[in-house]
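S.K.: The following file, query-v3.csv, comprises CSV, C-alpha atoms:
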chain,number,residue,atom,x,y,z
A,1,MET,CA,-154.2,62.8,155.9
A,2,LEU,CA,-150.7,64.3,155.6
A,3,ALA,CA,-148.2,62.8,153.2
A,4,ILE,CA,-144.8,62.8,154.8
A,5,ALA,CA,-141.3,61.7,153.8
A,6,PRO,CA,-139.7,59.1,156.0
A,7,ARG,CA,-136.6,61.3,156.4
A,8,SER,CA,-138.8,63.9,158.1
A,9,ILE,CA,-139.2,61.6,161.1
A,10,ARG,CA,-136.2,62.1,163.2
A,11,GLY,CA,-134.7,59.3,165.2
A,12,LEU,CA,-136.6,56.5,163.4
A,13,ARG,CA,-134.2,55.6,160.6
A,14,GLY,CA,-133.0,52.0,160.1
A,15,ASN,CA,-133.5,48.9,158.1
A,16,SER,CA,-135.6,47.3,160.8
A,17,PHE,CA,-138.5,49.7,160.0
A,18,ARG,CA,-141.0,49.2,157.2
A,19,ASN,CA,-142.6,52.1,155.3
A,20,VAL,CA,-146.2,51.3,154.8
A,21,ARG,CA,-147.8,53.7,152.3
A,22,GLY,CA,-151.5,54.1,151.8
A,23,ASN,CA,-154.4,56.5,152.0
A,24,GLY,CA,-152.1,59.5,151.4
A,25,ARG,CA,-149.8,58.8,154.4
A,26,VAL,CA,-146.6,57.2,155.3
A,27,VAL,CA,-146.6,55.0,158.4
A,28,LEU,CA,-143.4,53.8,160.0
A,29,CYS,CA,-143.8,50.5,161.8
A,30,ARG,CA,-141.7,47.7,163.1
A,31,ASP,CA,-142.6,44.2,164.4
A,32,PHE,CA,-141.0,42.2,167.2
A,33,VAL,CA,-139.8,45.3,169.1
A,34,PRO,CA,-139.4,46.0,172.8
A,35,ASN,CA,-141.5,48.8,174.3
A,36,PRO,CA,-140.2,52.0,172.7
A,37,PHE,CA,-141.6,54.2,175.5
A,38,SER,CA,-139.1,54.7,178.2
A,39,GLY,CA,-140.2,54.0,181.8
A,40,VAL,CA,-143.6,52.5,180.8
A,41,TRP,CA,-144.6,49.2,182.4
A,42,LYS,CA,-141.1,48.6,183.7
A,43,THR,CA,-142.5,46.0,186.1
A,44,GLY,CA,-144.2,43.1,184.5
A,45,THR,CA,-143.3,43.4,180.8
A,46,VAL,CA,-139.8,42.1,181.1
A,47,GLU,CA,-140.7,39.3,183.5
A,48,GLU,CA,-143.6,38.2,181.3
A,49,GLN,CA,-141.5,38.1,178.2
A,50,GLN,CA,-138.7,36.3,180.0
A,51,ASN,CA,-141.2,33.7,181.3
A,52,SER,CA,-142.5,33.2,177.8
A,53,LYS,CA,-139.0,32.7,176.4
A,54,GLU,CA,-138.2,30.1,179.1
A,55,GLU,CA,-141.4,28.3,178.2
A,56,GLY,CA,-140.5,28.4,174.5
A,57,LYS,CA,-143.4,30.7,173.7
A,58,ALA,CA,-142.9,33.6,171.4
A,59,THR,CA,-144.8,36.9,171.9
A,60,ARG,CA,-145.9,39.2,169.1
A,61,SER,CA,-145.0,42.9,169.3
A,62,HIS,CA,-145.7,45.8,167.0
A,63,TRP,CA,-144.9,49.5,167.0
A,64,GLU,CA,-145.9,52.2,164.6
A,65,LYS,CA,-145.9,56.0,164.4
A,66,ARG,CA,-148.4,58.0,162.3
A,67,LEU,CA,-148.9,61.7,161.5
A,68,VAL,CA,-152.6,62.3,161.5
A,69,ARG,CA,-155.0,65.3,161.1
A,70,PHE,CA,-156.4,65.2,164.6
A,71,THR,CA,-155.4,67.0,167.8
A,72,PRO,CA,-154.0,65.0,170.7
A,73,GLN,CA,-157.2,65.7,172.7
A,74,GLU,CA,-159.3,64.3,169.9
A,75,LEU,CA,-157.2,61.1,169.6
A,76,TYR,CA,-157.2,60.7,173.4
A,77,SER,CA,-161.0,61.1,173.6
A,78,VAL,CA,-161.6,58.2,171.2
A,79,VAL,CA,-159.0,55.8,172.6
A,80,VAL,CA,-160.1,56.4,176.2
A,81,ASP,CA,-163.8,55.9,175.4
A,82,VAL,CA,-163.9,52.2,176.2
A,83,ASN,CA,-167.7,52.1,176.5
A,84,GLU,CA,-167.9,52.8,172.7
A,85,TYR,CA,-165.4,50.2,171.5
A,86,HIS,CA,-168.0,47.6,170.5
A,87,ARG,CA,-169.4,50.2,168.0
A,88,PHE,CA,-166.2,50.5,166.0
A,89,VAL,CA,-163.3,48.2,167.1
A,90,PRO,CA,-163.0,45.1,164.9
A,91,TRP,CA,-164.1,41.9,166.6
A,92,CYS,CA,-165.2,43.7,169.8
A,93,ARG,CA,-168.7,42.4,170.7
A,94,ARG,CA,-169.1,44.1,174.0
A,95,SER,CA,-167.3,46.8,176.0
A,96,ARG,CA,-167.8,48.6,179.3
A,97,VAL,CA,-166.0,50.5,181.9
A,98,LEU,CA,-166.3,48.8,185.3
A,99,THR,CA,-167.8,50.7,188.1
A,100,LYS,CA,-166.5,50.9,191.7
A,101,GLY,CA,-169.2,48.5,192.8
A,102,ASP,CA,-168.2,45.8,190.4
A,103,ARG,CA,-166.5,42.9,192.2
A,104,LEU,CA,-163.8,42.7,189.5
A,105,VAL,CA,-162.7,46.3,190.4
A,106,ALA,CA,-161.9,45.5,194.0
A,107,ALA,CA,-159.9,42.5,193.0
A,108,ALA,CA,-158.0,44.3,190.3
A,109,ALA,CA,-157.3,47.4,192.3
A,110,ALA,CA,-155.6,45.3,194.9
A,111,ARG,CA,-152.9,44.4,192.3
A,112,THR,CA,-152.6,47.9,190.8
A,113,ALA,CA,-149.8,50.3,191.3
A,114,VAL,CA,-150.6,53.8,192.7
A,115,ALA,CA,-151.5,56.3,189.9
A,116,ALA,CA,-148.9,58.8,189.0
A,117,ASP,CA,-149.6,62.5,189.1
A,118,GLY,CA,-152.2,63.5,186.4
A,119,GLU,CA,-152.9,59.8,185.7
A,120,LYS,CA,-156.4,58.4,185.7
A,121,VAL,CA,-156.7,54.7,186.5
A,122,PHE,CA,-159.8,52.7,185.7
A,123,PHE,CA,-160.8,49.2,184.5
A,124,GLY,CA,-162.6,47.9,181.4
A,125,GLU,CA,-164.1,44.7,180.3
A,126,LEU,CA,-164.1,43.6,176.6
A,127,THR,CA,-165.7,40.7,174.9
A,128,VAL,CA,-163.9,39.8,171.6
A,129,GLY,CA,-165.0,37.2,169.1
A,130,PHE,CA,-164.9,35.9,165.6
A,131,GLN,CA,-167.5,33.4,164.3
A,132,VAL,CA,-168.0,30.8,167.1
A,133,PHE,CA,-165.1,32.1,169.1
A,134,SER,CA,-165.8,34.5,172.0
A,135,GLU,CA,-163.8,35.5,175.1
A,136,THR,CA,-164.1,38.2,177.8
A,137,TYR,CA,-161.2,39.8,179.6
A,138,THR,CA,-160.6,42.7,182.0
A,139,SER,CA,-157.9,45.4,181.6
A,140,GLU,CA,-156.3,48.0,183.8
A,141,ILE,CA,-156.3,51.3,181.9
A,142,ARG,CA,-154.0,54.2,182.8
A,143,ALA,CA,-154.7,57.5,181.0
A,144,VAL,CA,-153.1,60.9,181.0
A,145,PRO,CA,-155.4,63.3,179.3
A,146,SER,CA,-154.3,64.3,175.8
A,147,ARG,CA,-151.0,62.4,176.3
A,148,SER,CA,-151.2,58.7,176.7
A,149,VAL,CA,-153.4,55.6,177.3
A,150,LYS,CA,-151.8,52.4,178.6
A,151,VAL,CA,-153.6,49.1,178.8
A,152,ARG,CA,-152.7,45.9,180.5
A,153,ALA,CA,-154.9,42.7,180.6
A,154,ILE,CA,-155.2,41.6,184.2
A,155,GLU,CA,-158.0,39.0,184.2
A,156,SER,CA,-157.9,36.9,181.1
A,157,THR,CA,-158.3,33.3,180.1
A,158,LEU,CA,-157.5,34.4,176.5
A,159,PHE,CA,-154.2,36.2,176.9
A,160,GLU,CA,-151.1,35.0,178.7
A,161,HIS,CA,-150.2,38.7,178.6
A,162,LEU,CA,-151.4,41.8,176.7
A,163,LEU,CA,-149.9,45.2,176.8
A,164,ASN,CA,-151.1,48.1,174.6
A,165,GLU,CA,-150.0,51.7,174.6
A,166,TRP,CA,-150.9,54.9,172.8
A,167,GLU,CA,-149.0,58.2,172.9
A,168,PHE,CA,-150.2,61.5,171.4
A,169,SER,CA,-148.1,64.6,170.8
A,170,PRO,CA,-148.6,67.8,168.7
A,171,GLY,CA,-147.7,67.5,165.0
A,172,PRO,CA,-145.8,70.0,162.9
A,173,GLU,CA,-149.0,71.8,161.8
A,174,LYS,CA,-152.0,73.1,163.7
A,175,GLY,CA,-154.6,70.4,164.1
A,176,THR,CA,-152.1,67.5,163.5
A,177,SER,CA,-150.6,65.0,165.9
A,178,TRP,CA,-148.0,62.2,166.1
A,179,LEU,CA,-149.8,59.0,167.1
A,180,GLN,CA,-147.6,56.2,168.5
A,181,PHE,CA,-149.0,52.8,169.0
A,182,TRP,CA,-147.4,49.7,170.6
A,183,VAL,CA,-148.8,46.3,171.4
A,184,ASP,CA,-147.3,43.1,172.8
A,185,PHE,CA,-149.3,40.0,173.4
A,186,ARG,CA,-149.3,36.2,173.8
A,187,PHE,CA,-152.4,34.0,173.6
A,188,ARG,CA,-152.7,31.2,176.2
A,189,ASN,CA,-154.0,28.9,173.5
A,190,ASP,CA,-151.3,27.9,171.0
A,191,ALA,CA,-153.9,27.4,168.2
A,192,TYR,CA,-155.0,31.1,168.6
A,193,GLN,CA,-151.4,32.2,168.6
A,194,SER,CA,-150.7,30.3,165.4
A,195,VAL,CA,-153.7,32.0,163.7
A,196,ALA,CA,-152.5,35.4,165.1
A,197,ASN,CA,-149.1,34.9,163.7
A,198,VAL,CA,-150.5,34.4,160.2
A,199,PHE,CA,-152.8,37.4,160.2
A,200,PHE,CA,-150.9,39.7,162.6
A,201,ASP,CA,-150.0,42.6,160.3
A,202,GLN,CA,-153.6,42.7,158.9
A,203,VAL,CA,-155.2,42.6,162.3
A,204,VAL,CA,-153.0,45.3,163.8
A,205,SER,CA,-153.4,47.6,160.9
A,206,LYS,CA,-157.2,47.2,160.9
A,207,MET,CA,-157.3,47.9,164.6
A,208,VAL,CA,-155.3,51.2,164.5
A,209,GLN,CA,-157.2,52.3,161.4
A,210,ALA,CA,-160.5,51.7,163.2
A,211,PHE,CA,-159.6,54.3,165.8
A,212,GLU,CA,-158.4,56.8,163.2
A,213,ASP,CA,-161.7,56.3,161.3
A,214,GLN,CA,-163.7,56.9,164.5
A,215,CYS,CA,-161.8,60.2,165.0
A,216,ARG,CA,-162.8,61.1,161.5
A,217,GLN,CA,-166.4,60.4,162.1
A,218,ARG,CA,-166.5,62.5,165.3
A,219,TYR,CA,-164.4,65.4,164.3
A,220,GLN,CA,-164.4,65.9,160.6
Let me see the file written as structure tokens.

M.R.:
Amino acid sequence: MLAIAPRSIRGLRGNSFRNVRGNGRVVLCRDFVPNPFSGVWKTGTVEEQQNSKEEGKATRSHWEKRLVRFTPQELYSVVVDVNEYHRFVPWCRRSRVLTKGDRLVAAAAARTAVAADGEKVFFGELTVGFQVFSETYTSEIRAVPSRSVKVRAIESTLFEHLLNEWEFSPGPEKGTSWLQFWVDFRFRNDAYQSVANVFFDQVVSKMVQAFEDQCRQRYQ
């Protein structure tokens, strides 16, 4: 991993950011933030967050940027490989990409916006669990090769809403990339949300690190 100084990351200065140091890197991250990617999920995110505020329910949001020793294509290949999530993503017990013949695809596609140029749209189903707890949900996934992966839960009894985005861009040296990660979610169950609030930082950090570790296993 590259060790970088916070001042080398332009446009990301401010007291609202936390510098998280570990494993030879500096990660800038910030909790309780709006979507930092302009023009992404403009329909849905604001409405969902507004509804939560009106109901007195707080969402959890996290954004971070890392400089990693992988190419954008390598990062993209791991993040978009939903079928393999159960092998390396914490608490993921089952994962699969839904096929066109699956009944969930037809229902989900009816509520999906038209894909933008260069964008691949598909649907995935994940089962997540911990000890006796286990839930399955369906997500819409929009992927632009080597650039971004955007995920939105569309069939879920677990999440009131879940938005998750990854962006990849070339780093300052050959074979490096800037990895940006953003997640915003709210559980339907208040008990689950209370637990998530307590362990939020640890869970998010472990999730992002799992993808980075998977890249390392594949490409180093």

S.K.: So the first atom is atom CA of A:Thr127 and the second is atom CA of A:Gln73; what is the distance between them in Å, to one decimal place?

M.R.: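 Distance reported for this atom pair: 26.5 Å.
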
S.K.: What is the atom CA of A:Ser169-atom CA of A:Asp184 distance in Å, reported with one decimal?

M.R.: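 Computing it gives 21.6 Å between the two atoms.
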
S.K.: Please provide the set of residues having any atom within 12 Å of stretch 155-157 of chain A, restricted to all atoms listed in the file, with same-chain residues fewer than 2 positions apart removed, written as JSON, numbers by chain.

M.R.: {"A": [104, 105, 107, 108, 109, 111, 123, 124, 125, 126, 127, 128, 134, 135, 136, 137, 138, 139, 140, 152, 153, 159, 160, 161, 162, 185, 186, 187, 188, 189]}

S.K.: Write out as JSON lines a residue-level contact list of stretch 86-184 of chain A versus stretch 64-70 of chain A with cut-off 9 Å: for each qualifying residue the closest pair of atoms and the distance in Å to one decimal, counting all atoms listed in the file, rows sorted by chain and residue number upward.

M.R.:
{"residue": "A:Gly171", "atom": "CA", "partner": "A:Leu67", "partner_atom": "CA", "distance": 6.9}
{"residue": "A:Pro172", "atom": "CA", "partner": "A:Leu67", "partner_atom": "CA", "distance": 9.0}
{"residue": "A:Glu173", "atom": "CA", "partner": "A:Arg69", "partner_atom": "CA", "distance": 8.9}
{"residue": "A:Lys174", "atom": "CA", "partner": "A:Arg69", "partner_atom": "CA", "distance": 8.8}
{"residue": "A:Gly175", "atom": "CA", "partner": "A:Phe70", "partner_atom": "CA", "distance": 5.5}
{"residue": "A:Thr176", "atom": "CA", "partner": "A:Arg69", "partner_atom": "CA", "distance": 4.4}
{"residue": "A:Ser177", "atom": "CA", "partner": "A:Val68", "partner_atom": "CA", "distance": 5.5}
{"residue": "A:Trp178", "atom": "CA", "partner": "A:Leu67", "partner_atom": "CA", "distance": 4.7}
{"residue": "A:Leu179", "atom": "CA", "partner": "A:Arg66", "partner_atom": "CA", "distance": 5.1}
{"residue": "A:Gln180", "atom": "CA", "partner": "A:Lys65", "partner_atom": "CA", "distance": 4.4}
{"residue": "A:Phe181", "atom": "CA", "partner": "A:Glu64", "partner_atom": "CA", "distance": 5.4}
{"residue": "A:Trp182", "atom": "CA", "partner": "A:Glu64", "partner_atom": "CA", "distance": 6.7}

S.K.: From the list A:Ser95, A:Asn164, A:Ser148, A:Asn83, which residue is nearest A:Val204 when using all atoms listed in the file?

M.R.: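 Of all the options, A:Asn164 lies closest to A:Val204.
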
S.K.: Could you state the separation of atom CA of A:Glu74 and atom CA of A:Leu163 in Å, given to one decimal place?

M.R.: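 Taking atom CA of A:Glu74 as the start and atom CA of A:Leu163 as the end point, the length is 22.4 Å.
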
S.K.: Considering only C-alpha atoms, can you say which of A:Ile154, A:Val121, A:Gln217, A:Val82 comes closest to A:Lys100?

M.R.: A:Val121

S.K.: In file coordinates, which residues lie within 6 Å of (-154.7, 50.5, 178.3) using all atoms listed in the file, given as a VMD selection string?

M.R.: chain A and resid 141 to 142 149 to 152 164

S.K.: Nearest residue to A:Trp63 out of A:Val144, A:Val97, A:Val208, A:Val79, using all atoms listed in the file?

M.R.: A:Val208
